[in-house]
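Asks: Sharing final-v1.txt here; it has compact mmCIF, C-alpha atoms.
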# COMPACT_ATOMS: atom_id res chain seq x y z
CA MET A 1 97.16 -121.37 207.86
CA SER A 2 95.09 -118.22 208.07
CA CYS A 3 94.98 -116.16 204.89
CA ALA A 4 93.13 -113.23 206.36
CA ILE A 5 96.07 -110.96 205.70
CA TRP A 6 95.91 -111.88 202.01
CA GLU A 7 92.20 -111.46 201.50
CA GLU A 8 92.19 -107.73 200.90
CA ARG A 9 95.07 -108.01 198.47
CA VAL A 10 93.33 -110.87 196.66
CA ALA A 11 90.22 -108.67 196.44
CA LEU A 12 92.29 -105.86 194.94
CA LEU A 13 93.94 -108.26 192.51
CA ALA A 14 90.52 -109.49 191.37
CA GLY A 15 89.56 -105.96 190.38
CA GLY A 16 92.91 -105.12 188.79
CA ASP A 17 93.86 -102.64 191.48
CA LEU A 18 97.41 -103.77 192.22
CA ASP A 19 100.51 -102.59 190.46
CA ALA A 20 102.71 -105.16 188.78
CA ALA A 21 104.97 -105.80 191.77
CA GLU A 22 102.10 -106.18 194.21
CA ALA A 23 100.18 -108.39 191.79
CA ALA A 24 103.18 -110.66 191.33
CA GLY A 25 103.46 -111.13 195.09
CA VAL A 26 99.81 -112.06 195.41
CA GLU A 27 100.00 -114.39 192.42
CA ARG A 28 102.88 -116.23 194.07
CA HIS A 29 100.73 -116.69 197.14
CA LEU A 30 97.81 -117.93 195.06
CA ASN A 31 100.02 -120.55 193.42
CA ARG A 32 100.53 -122.25 196.75
CA CYS A 33 97.23 -121.46 198.51
CA ALA A 34 94.11 -123.20 197.23
CA PRO A 35 91.57 -121.31 199.44
CA CYS A 36 92.89 -117.94 198.29
CA ARG A 37 92.87 -119.18 194.70
CA ALA A 38 89.23 -120.15 195.10
CA LEU A 39 88.50 -116.77 196.66
CA ALA A 40 90.11 -114.98 193.72
CA VAL A 41 88.03 -117.01 191.27
CA GLU A 42 84.82 -116.23 193.17
CA LEU A 43 85.60 -112.55 193.39
CA ARG A 44 86.34 -112.29 189.68
CA ALA A 45 83.17 -114.17 188.80
CA GLY A 46 81.14 -111.94 191.10
CA LEU A 47 82.55 -108.78 189.59
CA ASP A 48 81.90 -110.05 186.06
CA CYS A 49 78.34 -110.90 186.99
CA LEU A 50 77.80 -107.50 188.61
CA ARG A 51 79.21 -105.66 185.60
CA ALA A 52 76.97 -107.64 183.30
CA ALA A 53 73.95 -106.68 185.37
CA HIS A 54 75.00 -103.05 185.37
CA ALA A 55 75.53 -103.08 181.63
CA GLU A 56 71.93 -103.99 180.99
CA PRO A 57 70.23 -101.00 179.47
CA ILE A 58 67.66 -99.05 181.40
CA GLU A 59 64.41 -98.49 179.57
CA ALA A 60 64.41 -95.35 177.44
CA GLU A 61 61.16 -94.25 179.09
CA ARG A 62 63.00 -93.86 182.38
CA TYR A 63 65.47 -91.41 180.89
CA ALA A 64 62.71 -89.56 179.08
CA ALA A 65 60.72 -89.27 182.30
CA VAL A 66 63.66 -87.71 184.12
CA ARG A 67 64.29 -85.21 181.33
CA GLY A 68 60.62 -84.36 181.15
CA ARG A 69 60.38 -83.75 184.89
CA VAL A 70 63.49 -81.57 184.90
CA LEU A 71 62.33 -79.45 181.97
CA ALA A 72 58.86 -79.12 183.49
CA GLU A 73 60.36 -77.92 186.75
CA LEU A 74 62.56 -75.42 184.96
CA ALA A 75 59.52 -74.12 183.08
CA GLU A 76 57.70 -73.34 186.33
CA PRO A 77 58.09 -69.84 187.70
CA PRO A 78 60.37 -69.67 190.70
CA ARG A 79 58.46 -70.40 193.87
CA ARG A 80 60.29 -67.90 196.00
CA ARG A 81 58.98 -64.98 194.04
CA ALA A 82 55.43 -66.03 194.89
CA VAL A 83 56.23 -65.99 198.59
CA TRP A 84 57.98 -62.61 198.92
CA PRO A 85 55.09 -60.34 197.92
CA TRP A 86 53.23 -61.69 200.93
CA ALA A 87 56.19 -61.75 203.23
CA VAL A 88 57.15 -58.07 202.85
CA PRO A 89 53.86 -56.52 204.09
CA LEU A 90 53.65 -59.20 206.72
CA VAL A 91 57.02 -58.20 208.12
CA ALA A 92 56.02 -54.52 207.96
CA VAL A 93 52.82 -55.15 209.92
CA ALA A 94 54.69 -57.22 212.47
CA ALA A 95 57.24 -54.43 212.89
CA ALA A 96 54.48 -51.84 213.36
CA VAL A 97 52.77 -53.96 215.98
CA LEU A 98 56.05 -54.40 217.75
CA VAL A 99 56.66 -50.65 217.82
CA VAL A 100 53.19 -49.99 219.23
CA VAL A 101 53.64 -52.60 221.90
CA MET A 102 57.03 -51.24 222.85
CA THR A 103 55.64 -47.72 223.05
CA MET A 104 52.77 -48.73 225.26
CA LYS A 105 54.75 -50.94 227.51
CA PRO A 106 55.78 -48.39 230.18
CA ALA A 107 52.21 -47.20 230.69
CA ALA A 108 50.81 -50.63 230.65
CA SER A 109 53.57 -52.31 232.54
CA PRO A 110 52.00 -54.06 235.40
CA VAL A 111 53.00 -53.09 238.86
CA PRO A 112 54.29 -55.98 240.84
CA LYS A 113 51.79 -57.53 243.08
CA MET A 114 50.27 -55.10 245.46
CA PRO A 115 51.38 -55.39 248.97
CA HIS A 116 49.37 -57.75 250.93
CA ALA A 117 48.55 -55.22 253.57
CA VAL A 118 48.42 -51.50 253.37
CA ALA A 119 48.17 -49.19 256.27
CA VAL A 120 48.03 -45.48 256.24
CA ALA A 121 50.31 -43.65 258.54
CA PRO A 122 48.77 -41.08 260.83
CA ALA A 123 48.25 -37.81 259.16
CA VAL A 124 50.80 -35.11 259.81
CA GLU A 125 49.43 -31.67 259.95
CA PRO A 126 51.55 -29.49 257.70
CA LYS A 127 52.64 -26.08 258.77
CA ARG A 128 50.71 -23.38 257.10
CA GLY A 129 52.86 -21.15 254.92
CA PRO A 130 53.16 -19.83 251.39
CA ASP A 131 55.89 -22.11 250.00
CA ARG A 132 55.19 -25.34 251.62
CA SER A 133 56.10 -28.23 249.51
CA LEU A 134 56.21 -31.91 249.85
CA THR A 135 59.29 -34.02 249.55
CA VAL A 136 59.00 -37.68 249.16
CA ALA A 137 61.66 -39.76 250.72
CA ALA A 138 63.71 -41.63 248.20
CA PRO A 139 63.36 -45.33 248.32
CA GLN A 140 66.17 -47.08 250.06
CA ARG A 141 67.64 -50.30 248.92
CA THR A 142 67.31 -52.46 251.89
CA GLU A 143 66.41 -56.00 252.50
CA ALA A 144 62.87 -56.63 251.53
CA PRO A 145 60.60 -56.34 254.46
CA PRO A 146 57.94 -58.87 255.05
CA ALA A 147 55.41 -58.49 252.32
CA GLY A 148 53.10 -55.58 252.77
CA THR A 149 54.35 -54.50 256.15
CA HIS A 150 56.71 -51.61 255.57
CA ILE A 151 54.78 -48.42 255.26
CA THR A 152 55.97 -44.93 255.92
CA ALA A 153 54.47 -41.52 255.50
CA ARG A 154 56.44 -38.33 255.75
CA THR A 155 55.94 -34.73 254.92
CA GLU A 156 58.75 -32.21 254.93
CA PRO A 157 57.13 -28.90 254.25
CA ASP A 158 60.25 -26.78 254.88
CA ARG A 159 62.36 -28.11 252.07
CA THR A 160 61.72 -27.20 248.50
CA HIS A 161 61.64 -29.93 245.93
CA ALA A 162 64.70 -31.63 247.23
CA SER A 163 63.77 -34.70 245.34
CA ALA A 164 63.40 -33.00 241.99
CA GLY A 165 64.71 -35.22 239.29
CA ARG A 166 63.69 -38.36 240.99
CA GLY A 167 60.24 -38.21 239.58
CA PRO A 168 57.40 -35.91 238.89
CA ALA A 169 57.22 -32.78 240.98
CA PRO A 170 55.12 -33.29 244.01
CA PRO A 171 51.78 -31.63 243.95
CA GLU A 172 51.29 -28.27 245.56
CA VAL A 173 49.94 -28.61 248.97
CA ALA A 174 47.01 -26.46 249.80
CA ASP A 175 45.17 -26.53 252.98
CA ALA A 176 44.36 -30.18 252.84
CA PRO A 177 46.88 -32.44 254.52
CA VAL A 178 48.97 -34.47 252.11
CA ARG A 179 49.99 -37.92 252.90
CA THR A 180 52.68 -40.09 251.46
CA VAL A 181 52.37 -43.76 251.68
CA GLN A 182 55.38 -45.86 250.90
CA LEU A 183 54.38 -49.31 249.88
CA ALA A 184 56.97 -52.03 249.99
CA THR A 185 56.56 -54.87 247.62
CA ALA A 186 58.01 -58.31 247.52
CA ASP A 187 60.68 -56.98 245.18
CA PRO A 188 63.18 -54.93 247.21
CA ASN A 189 63.91 -52.80 244.14
CA VAL A 190 60.31 -51.74 243.74
CA VAL A 191 58.81 -49.26 246.15
CA ILE A 192 55.53 -47.55 245.48
CA TYR A 193 54.85 -44.03 246.68
CA TRP A 194 51.24 -43.00 247.01
CA LEU A 195 50.57 -39.31 247.44
CA PHE A 196 47.13 -38.12 248.25
CA GLU A 197 45.25 -35.33 249.86
CA GLU A 198 42.91 -36.02 252.62
CA LYS A 199 39.83 -33.95 252.06
CA GLY A 200 37.55 -34.32 254.95
CA GLU A 201 36.09 -37.48 256.26
CA MET B 1 89.76 -98.57 181.46
CA LYS B 2 87.29 -95.73 181.31
CA THR B 3 88.53 -92.43 182.67
CA LEU B 4 86.60 -89.28 183.40
CA ALA B 5 88.33 -87.56 180.50
CA LEU B 6 87.27 -90.42 178.25
CA ALA B 7 83.79 -90.30 179.67
CA ALA B 8 83.60 -86.62 178.87
CA ALA B 9 84.84 -87.23 175.36
CA ALA B 10 82.39 -90.09 174.86
CA ALA B 11 79.61 -87.82 176.03
CA GLY B 12 80.42 -85.49 173.16
CA SER B 13 82.22 -82.74 175.00
CA GLU B 14 85.76 -81.54 174.55
CA PRO B 15 88.12 -82.17 177.46
CA GLU B 16 89.78 -78.79 176.90
CA GLY B 17 86.80 -77.14 178.51
CA ARG B 18 85.00 -75.70 175.48
CA ASP B 19 81.64 -77.15 174.64
CA ALA B 20 79.16 -75.40 172.41
CA THR B 21 76.22 -77.25 173.94
CA LEU B 22 77.28 -76.34 177.43
CA GLU B 23 77.74 -72.72 176.44
CA ALA B 24 74.33 -72.63 174.78
CA ALA B 25 72.76 -74.17 177.86
CA ARG B 26 74.47 -71.55 179.99
CA SER B 27 72.87 -68.83 177.94
CA GLY B 28 69.43 -70.25 178.69
CA ASP B 29 68.88 -72.48 175.68
CA ARG B 30 66.59 -75.20 177.03
CA ALA B 31 67.06 -77.39 173.96
CA ALA B 32 70.81 -77.31 174.57
CA PHE B 33 70.26 -78.25 178.18
CA ASP B 34 68.05 -81.11 177.08
CA LEU B 35 70.88 -82.30 174.86
CA LEU B 36 73.28 -81.99 177.77
CA MET B 37 71.02 -84.19 179.86
CA ARG B 38 70.81 -86.78 177.10
CA ARG B 39 74.58 -86.93 176.94
CA HIS B 40 74.96 -87.62 180.62
CA GLU B 41 71.76 -89.40 181.55
CA ARG B 42 73.25 -92.87 181.44
CA LEU B 43 76.04 -91.78 183.75
CA VAL B 44 73.64 -90.17 186.20
CA LEU B 45 70.71 -92.58 186.16
CA GLY B 46 72.91 -95.68 185.91
CA THR B 47 75.01 -94.64 188.88
CA ALA B 48 72.00 -93.54 190.87
CA TYR B 49 70.29 -96.86 190.15
CA ARG B 50 73.12 -98.84 191.73
CA LEU B 51 73.46 -96.45 194.65
CA ALA B 52 69.75 -96.14 195.37
CA GLY B 53 68.85 -99.75 194.67
CA ASN B 54 65.73 -99.11 192.62
CA LEU B 55 64.81 -97.13 189.55
CA ASP B 56 62.12 -94.94 191.07
CA ASP B 57 64.47 -93.49 193.64
CA ALA B 58 67.19 -93.31 191.00
CA GLN B 59 64.91 -91.23 188.81
CA ASP B 60 64.19 -88.85 191.68
CA ALA B 61 67.90 -88.54 192.36
CA SER B 62 68.67 -87.96 188.69
CA GLN B 63 66.08 -85.23 188.51
CA GLU B 64 67.72 -83.47 191.44
CA VAL B 65 71.18 -83.90 189.91
CA PHE B 66 70.11 -82.31 186.63
CA LEU B 67 68.39 -79.46 188.41
CA ARG B 68 71.60 -78.79 190.30
CA LEU B 69 73.47 -79.01 187.02
CA TYR B 70 71.21 -76.34 185.59
CA ARG B 71 71.74 -74.07 188.57
CA ASN B 72 75.53 -74.52 188.36
CA LEU B 73 76.03 -74.28 184.62
CA ALA B 74 77.82 -70.96 184.89
CA ARG B 75 80.71 -72.34 186.90
CA LEU B 76 81.19 -75.74 185.30
CA ASP B 77 83.69 -76.67 182.63
CA ALA B 78 83.11 -79.43 180.12
CA GLY B 79 86.40 -80.99 181.22
CA ASN B 80 85.27 -81.66 184.77
CA LEU B 81 81.57 -82.09 184.12
CA ALA B 82 81.59 -85.90 184.40
CA ALA B 83 83.44 -85.82 187.71
CA TRP B 84 81.05 -83.16 188.99
CA LEU B 85 78.04 -85.23 187.95
CA TYR B 86 79.39 -88.34 189.65
CA ARG B 87 80.06 -86.38 192.82
CA VAL B 88 76.64 -84.79 192.90
CA THR B 89 74.92 -88.07 192.08
CA VAL B 90 76.68 -89.77 194.99
CA ASN B 91 75.78 -86.91 197.33
CA VAL B 92 72.15 -86.77 196.28
CA CYS B 93 71.77 -90.54 196.65
CA HIS B 94 73.40 -90.43 200.09
CA ASP B 95 71.07 -87.64 201.19
CA ALA B 96 68.03 -89.52 199.93
CA ARG B 97 69.18 -92.70 201.61
CA ARG B 98 69.57 -90.94 204.94
CA ARG B 99 66.09 -89.48 204.65
CA ARG B 100 64.74 -92.96 204.06
CA ALA B 101 66.80 -94.49 206.82
CA ASN B 102 63.75 -95.58 208.78
CA MET B 103 61.81 -96.80 205.82
CA VAL B 104 61.67 -100.40 204.71
CA PRO B 105 63.98 -100.84 201.73
CA VAL B 106 62.40 -101.69 198.44
CA GLU B 107 63.32 -105.12 197.17
CA ASP B 108 65.74 -105.04 194.34
CA ALA B 109 64.41 -107.50 191.81
CA PRO B 110 65.77 -106.76 188.36
CA GLU B 111 63.80 -108.26 185.57
CA LEU B 112 66.11 -110.15 183.30
CA ALA B 113 65.31 -111.55 179.92
CA ALA B 114 65.38 -115.35 179.92
CA THR B 115 67.63 -116.57 177.15
CA GLY B 116 69.20 -119.92 176.41
CA ASP B 117 68.88 -122.72 178.92
CA PRO B 118 66.03 -121.72 181.25
CA GLN B 119 67.61 -123.44 184.25
CA GLN B 120 70.94 -121.76 183.73
CA SER B 121 69.28 -118.40 183.05
CA ALA B 122 67.34 -118.70 186.27
CA SER B 123 70.53 -119.48 188.12
CA GLU B 124 72.36 -116.55 186.60
CA ALA B 125 69.45 -114.25 187.22
CA GLU B 126 69.37 -115.39 190.82
CA ARG B 127 73.06 -114.77 191.18
CA ARG B 128 72.77 -111.31 189.67
CA ALA B 129 69.87 -110.48 191.94
CA LEU B 130 71.87 -111.68 194.92
CA LEU B 131 74.87 -109.62 193.94
CA LEU B 132 72.81 -106.52 193.40
CA ARG B 133 71.12 -107.06 196.73
CA SER B 134 74.50 -107.49 198.36
CA LEU B 135 75.21 -103.86 197.51
CA ARG B 136 72.80 -103.04 200.30
CA THR B 137 75.07 -104.64 202.85
CA LEU B 138 77.79 -102.08 202.17
CA SER B 139 78.30 -98.80 203.90
CA GLU B 140 77.56 -95.67 201.90
CA LYS B 141 81.21 -95.02 201.19
CA GLU B 142 82.04 -98.62 200.32
CA ARG B 143 79.08 -98.75 198.02
CA ALA B 144 79.95 -95.53 196.26
CA ALA B 145 83.58 -96.60 195.85
CA LEU B 146 82.60 -99.98 194.44
CA VAL B 147 79.96 -98.62 192.08
CA LEU B 148 82.31 -95.99 190.68
CA ARG B 149 85.29 -98.33 190.44
CA ASP B 150 83.79 -101.66 189.44
CA LEU B 151 80.59 -100.67 187.66
CA GLU B 152 81.36 -97.26 186.22
CA GLY B 153 84.97 -98.20 185.57
CA LEU B 154 86.68 -95.13 187.00
CA SER B 155 90.26 -95.50 188.09
CA THR B 156 91.05 -95.62 191.79
CA THR B 157 92.52 -92.13 191.55
CA GLU B 158 89.39 -90.80 189.89
CA VAL B 159 87.17 -92.43 192.48
CA ALA B 160 89.26 -90.82 195.20
CA SER B 161 88.87 -87.46 193.49
CA VAL B 162 85.11 -87.82 193.12
CA LEU B 163 84.61 -88.95 196.70
CA GLY B 164 87.13 -86.56 198.20
CA SER B 165 89.14 -89.40 199.71
CA SER B 166 92.68 -90.65 199.41
CA VAL B 167 93.62 -93.43 197.02
CA ALA B 168 94.59 -95.63 199.98
CA THR B 169 91.15 -95.14 201.52
CA VAL B 170 89.41 -96.00 198.27
CA ARG B 171 91.51 -99.13 197.82
CA SER B 172 90.61 -100.22 201.32
CA GLN B 173 86.92 -99.49 200.72
CA ILE B 174 86.68 -101.37 197.46
CA SER B 175 88.56 -104.41 198.72
CA LYS B 176 86.34 -104.62 201.79
CA ALA B 177 83.26 -104.08 199.67
CA ARG B 178 84.19 -106.90 197.30
CA LEU B 179 84.79 -109.26 200.20
CA LYS B 180 81.53 -108.32 201.90
CA MET B 181 79.59 -108.92 198.72
CA ARG B 182 81.22 -112.25 198.18
CA ASP B 183 80.43 -113.27 201.79
CA PHE B 184 76.82 -112.19 201.37
CA VAL B 185 76.38 -114.25 198.22
CA ASP B 186 78.14 -117.19 199.83
CA ARG B 187 75.93 -117.10 202.95
CA SER B 188 72.76 -116.64 200.94
CA SER B 189 73.60 -119.53 198.64
CA ARG B 190 74.29 -121.85 201.57
CA ARG B 191 71.00 -120.88 203.23
CA ARG B 192 69.09 -121.91 200.13
CA LEU B 193 70.74 -125.32 199.88
Take the structure from the file and write it as structure tokens.

Replies:
Amino acid sequence: MSCAIWEERVALLAGGDLDAAEAAGVERHLNRCAPCRALAVELRAGLDCLRAAHAEPIEAERYAAVRGRVLAELAEPPRRRAVWPWAVPLVAVAAAVLVVVMTMKPAASPVPKMPHAVAVAPAVEPKRGPDRSLTVAAPQRTEAPPAGTHITARTEPDRTHASAGRGPAPPEVADAPVRTVQLATADPNVVIYWLFEEKGE
Amino acid sequence: MKTLALAAAAAGSEPEGRDATLEAARSGDRAAFDLLMRRHERLVLGTAYRLAGNLDDAQDASQEVFLRLYRNLARLDAGNLAAWLYRVTVNVCHDARRRRANMVPVEDAPELAATGDPQQSASEAERRALLLRSLRTLSEKERAALVLRDLEGLSTTEVASVLGSSVATVRSQISKARLKMRDFVDRSSRRRL
């Protein structure tokens, strides 16, 4: 007959963990089951042996060592305070560097790769007149052309600063012809406008 | 049967929650804190010894427990100090054990004084060593439940309170632990024959 179902209850009985009713039921089983009786005896003997081992005193030096180490640690100044005086200026310097970098970023931001090929459109001779101005065509969001191939140059001398607000005011055009070169990049959202005067050959 | 209230009383504190030593320690009196450690050092180091398996690790754990005690003096009552210490000791030993999970365990070889019949003493010593080593075969929770219940003598309800488990769970853990230990000793004894 398998007594597996009794084993846990026998183990509890051996340690005095059953109430009176439960203990009586297990005792009745032990009276007629020799293997479980032997198990109960072994378990009780094991627990007695373990308790005896645990009851053996630990050397006083061990306790004293623990107390000494604890009191020594409590006597030390807190470690955190030693770290913060260095951490505060460090954080301040890091913040300052970050601000400088953020400020410089627009000027230093690299332009996407230059177009692979650049061509200058034929010069357009502007009409001579007192209020000639140059309007640069706004970039259009279109599918990206093959890299470095889309180049336009336009001058519209009869309109006055129609593109104001889109960027810096175009330079005054004097006698020299002004050319606008639109450079398409690999990024369809990035178009470079290059304005220059052609002064002689 | 030792209870936590009895343990607190035996340690010199008053279960009602008032303890002059504890109050003095709270106010920064290091001598009072030293006295507090002396009162509870057997509880802490003895429990840690059985949970950790060796005295060196038990000392490290005890040191950590007392440092935590110092940091938490303001919110501890004398009445629940023993339970708190048991709980923290178990937690600290579990943490240390997990950190050492990949390390080779130190052999537990308690030195026992030889008295009486040398042959019988050797046999008893061997049996004790085997039983103590069998603690290593238990899971963390089984081991903690067995140490608190069978070695420290807490009631099943107190063990459940310390470990944050139900009484039914603790009963299951300690019965399994006892059976595992018995099986370990049985197998080891047969191997030697």

Asks: For chain A, report every residue with an atom at most 9 Å from chain B (counting all atoms listed in the file), formatted as a ChimeraX atom specification.

Replies: /A:7-12,15,17,39,42-43,46-47,49-58,62-67,69-71,73-74

Asks: Go ahead and save the picked residues with C-alpha atoms, as an mmCIF file, in the coordinates of the input.

Replies:
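Output file part05.cif is given in full below:
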data_model
loop_
_atom_site.group_PDB
_atom_site.id
_atom_site.type_symbol
_atom_site.label_atom_id
_atom_site.label_comp_id
_atom_site.auth_asym_id
_atom_site.auth_seq_id
_atom_site.Cartn_x
_atom_site.Cartn_y
_atom_site.Cartn_z
ATOM 1 C CA GLU A 7 92.200 -111.460 201.500
ATOM 2 C CA GLU A 8 92.190 -107.730 200.900
ATOM 3 C CA ARG A 9 95.070 -108.010 198.470
ATOM 4 C CA VAL A 10 93.330 -110.870 196.660
ATOM 5 C CA ALA A 11 90.220 -108.670 196.440
ATOM 6 C CA LEU A 12 92.290 -105.860 194.940
ATOM 7 C CA GLY A 15 89.560 -105.960 190.380
ATOM 8 C CA ASP A 17 93.860 -102.640 191.480
ATOM 9 C CA LEU A 39 88.500 -116.770 196.660
ATOM 10 C CA GLU A 42 84.820 -116.230 193.170
ATOM 11 C CA LEU A 43 85.600 -112.550 193.390
ATOM 12 C CA GLY A 46 81.140 -111.940 191.100
ATOM 13 C CA LEU A 47 82.550 -108.780 189.590
ATOM 14 C CA CYS A 49 78.340 -110.900 186.990
ATOM 15 C CA LEU A 50 77.800 -107.500 188.610
ATOM 16 C CA ARG A 51 79.210 -105.660 185.600
ATOM 17 C CA ALA A 52 76.970 -107.640 183.300
ATOM 18 C CA ALA A 53 73.950 -106.680 185.370
ATOM 19 C CA HIS A 54 75.000 -103.050 185.370
ATOM 20 C CA ALA A 55 75.530 -103.080 181.630
ATOM 21 C CA GLU A 56 71.930 -103.990 180.990
ATOM 22 C CA PRO A 57 70.230 -101.000 179.470
ATOM 23 C CA ILE A 58 67.660 -99.050 181.400
ATOM 24 C CA ARG A 62 63.000 -93.860 182.380
ATOM 25 C CA TYR A 63 65.470 -91.410 180.890
ATOM 26 C CA ALA A 64 62.710 -89.560 179.080
ATOM 27 C CA ALA A 65 60.720 -89.270 182.300
ATOM 28 C CA VAL A 66 63.660 -87.710 184.120
ATOM 29 C CA ARG A 67 64.290 -85.210 181.330
ATOM 30 C CA ARG A 69 60.380 -83.750 184.890
ATOM 31 C CA VAL A 70 63.490 -81.570 184.900
ATOM 32 C CA LEU A 71 62.330 -79.450 181.970
ATOM 33 C CA GLU A 73 60.360 -77.920 186.750
ATOM 34 C CA LEU A 74 62.560 -75.420 184.960
#

Asks: For stretch 23-34 of chain A, list every protein, DNA or RNA residue within 9 Å, evaluated using all atoms listed in the file, and leave out those in the same chain fewer than 2 positions away; present the list as a PDB file with C-alpha atoms, in the coordinates of the input.

Replies:
ATOM      1  CA  CYS A   3      94.980-116.160 204.890  1.00  0.00           C
ATOM      2  CA  TRP A   6      95.910-111.880 202.010  1.00  0.00           C
ATOM      3  CA  ARG A   9      95.070-108.010 198.470  1.00  0.00           C
ATOM      4  CA  VAL A  10      93.330-110.870 196.660  1.00  0.00           C
ATOM      5  CA  LEU A  12      92.290-105.860 194.940  1.00  0.00           C
ATOM      6  CA  LEU A  13      93.940-108.260 192.510  1.00  0.00           C
ATOM      7  CA  GLY A  16      92.910-105.120 188.790  1.00  0.00           C
ATOM      8  CA  ASP A  17      93.860-102.640 191.480  1.00  0.00           C
ATOM      9  CA  LEU A  18      97.410-103.770 192.220  1.00  0.00           C
ATOM     10  CA  ASP A  19     100.510-102.590 190.460  1.00  0.00           C
ATOM     11  CA  ALA A  20     102.710-105.160 188.780  1.00  0.00           C
ATOM     12  CA  ALA A  21     104.970-105.800 191.770  1.00  0.00           C
ATOM     13  CA  CYS A  36      92.890-117.940 198.290  1.00  0.00           C
ATOM     14  CA  ARG A  37      92.870-119.180 194.700  1.00  0.00           C
ATOM     15  CA  ALA A  38      89.230-120.150 195.100  1.00  0.00           C
ATOM     16  CA  LEU A  39      88.500-116.770 196.660  1.00  0.00           C
ATOM     17  CA  ALA A  40      90.110-114.980 193.720  1.00  0.00           C
TER      18      ALA A  40
END

Asks: Could you tell me how far atom CA of B:Arg100 sits from atom CA of B:Leu154, in Å to one decimal place?

Replies: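 These two atoms are separated by 27.9 Å.
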
Asks: Quick one: distance from atom CA of B:Leu163 to atom CA of B:Thr89 in Å, one decimal?

Replies: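 If I compute the distance from atom CA of B:Leu163 to atom CA of B:Thr89, I get 10.8 Å.
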
Asks: In Å to one decimal, how far is atom CA of B:His40 from atom CA of B:Gly53?

Replies: 19.5 Å

Asks: Pick out the residues sitting within 10 Å of B:Thr137, and hand them over as a list of chain:residue names; count all atoms listed in the file, and ignore anything fewer than 3 positions along from it in its own chain.

Replies: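 Close residues of B:Thr137: B:Leu132, B:Arg133, B:Ser134, B:Glu140, B:Glu142, B:Arg143, B:Ala177, B:Lys180, B:Met181, B:Phe184.
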
Asks: Provide stretch 86-90 of chain A rebuilt to all heavy atoms, formatted as a compact mmCIF listing (two decimals), in the frame of the given file.

Replies:
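Writing the result to result12.txt gives the following:
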# COMPACT_ATOMS: atom_id res chain seq x y z
N TRP A 86 54.01 -61.58 199.69
CA TRP A 86 53.23 -61.69 200.93
C TRP A 86 54.11 -61.44 202.16
O TRP A 86 53.66 -60.88 203.15
CB TRP A 86 52.65 -63.11 201.04
CG TRP A 86 51.59 -63.37 200.04
CD1 TRP A 86 51.72 -64.04 198.86
CD2 TRP A 86 50.23 -62.93 200.11
NE1 TRP A 86 50.53 -64.05 198.20
CE2 TRP A 86 49.58 -63.38 198.95
CE3 TRP A 86 49.50 -62.20 201.05
CZ2 TRP A 86 48.25 -63.14 198.69
CZ3 TRP A 86 48.17 -61.97 200.79
CH2 TRP A 86 47.55 -62.42 199.62
N ALA A 87 55.33 -61.83 202.05
CA ALA A 87 56.19 -61.75 203.23
C ALA A 87 56.54 -60.30 203.58
O ALA A 87 56.61 -59.95 204.76
CB ALA A 87 57.47 -62.55 202.98
N VAL A 88 56.72 -59.46 202.58
CA VAL A 88 57.15 -58.07 202.85
C VAL A 88 56.11 -57.30 203.68
O VAL A 88 56.45 -56.76 204.74
CB VAL A 88 57.49 -57.34 201.53
CG1 VAL A 88 57.71 -55.86 201.78
CG2 VAL A 88 58.72 -57.98 200.90
N PRO A 89 54.84 -57.23 203.24
CA PRO A 89 53.86 -56.52 204.09
C PRO A 89 53.67 -57.18 205.44
O PRO A 89 53.41 -56.52 206.45
CB PRO A 89 52.57 -56.54 203.26
CG PRO A 89 52.78 -57.56 202.22
CD PRO A 89 54.24 -57.68 201.98
N LEU A 90 53.82 -58.48 205.45
CA LEU A 90 53.65 -59.20 206.72
C LEU A 90 54.71 -58.76 207.73
O LEU A 90 54.42 -58.48 208.90
CB LEU A 90 53.79 -60.71 206.46
CG LEU A 90 53.17 -61.63 207.49
CD1 LEU A 90 51.66 -61.46 207.50
CD2 LEU A 90 53.54 -63.07 207.22
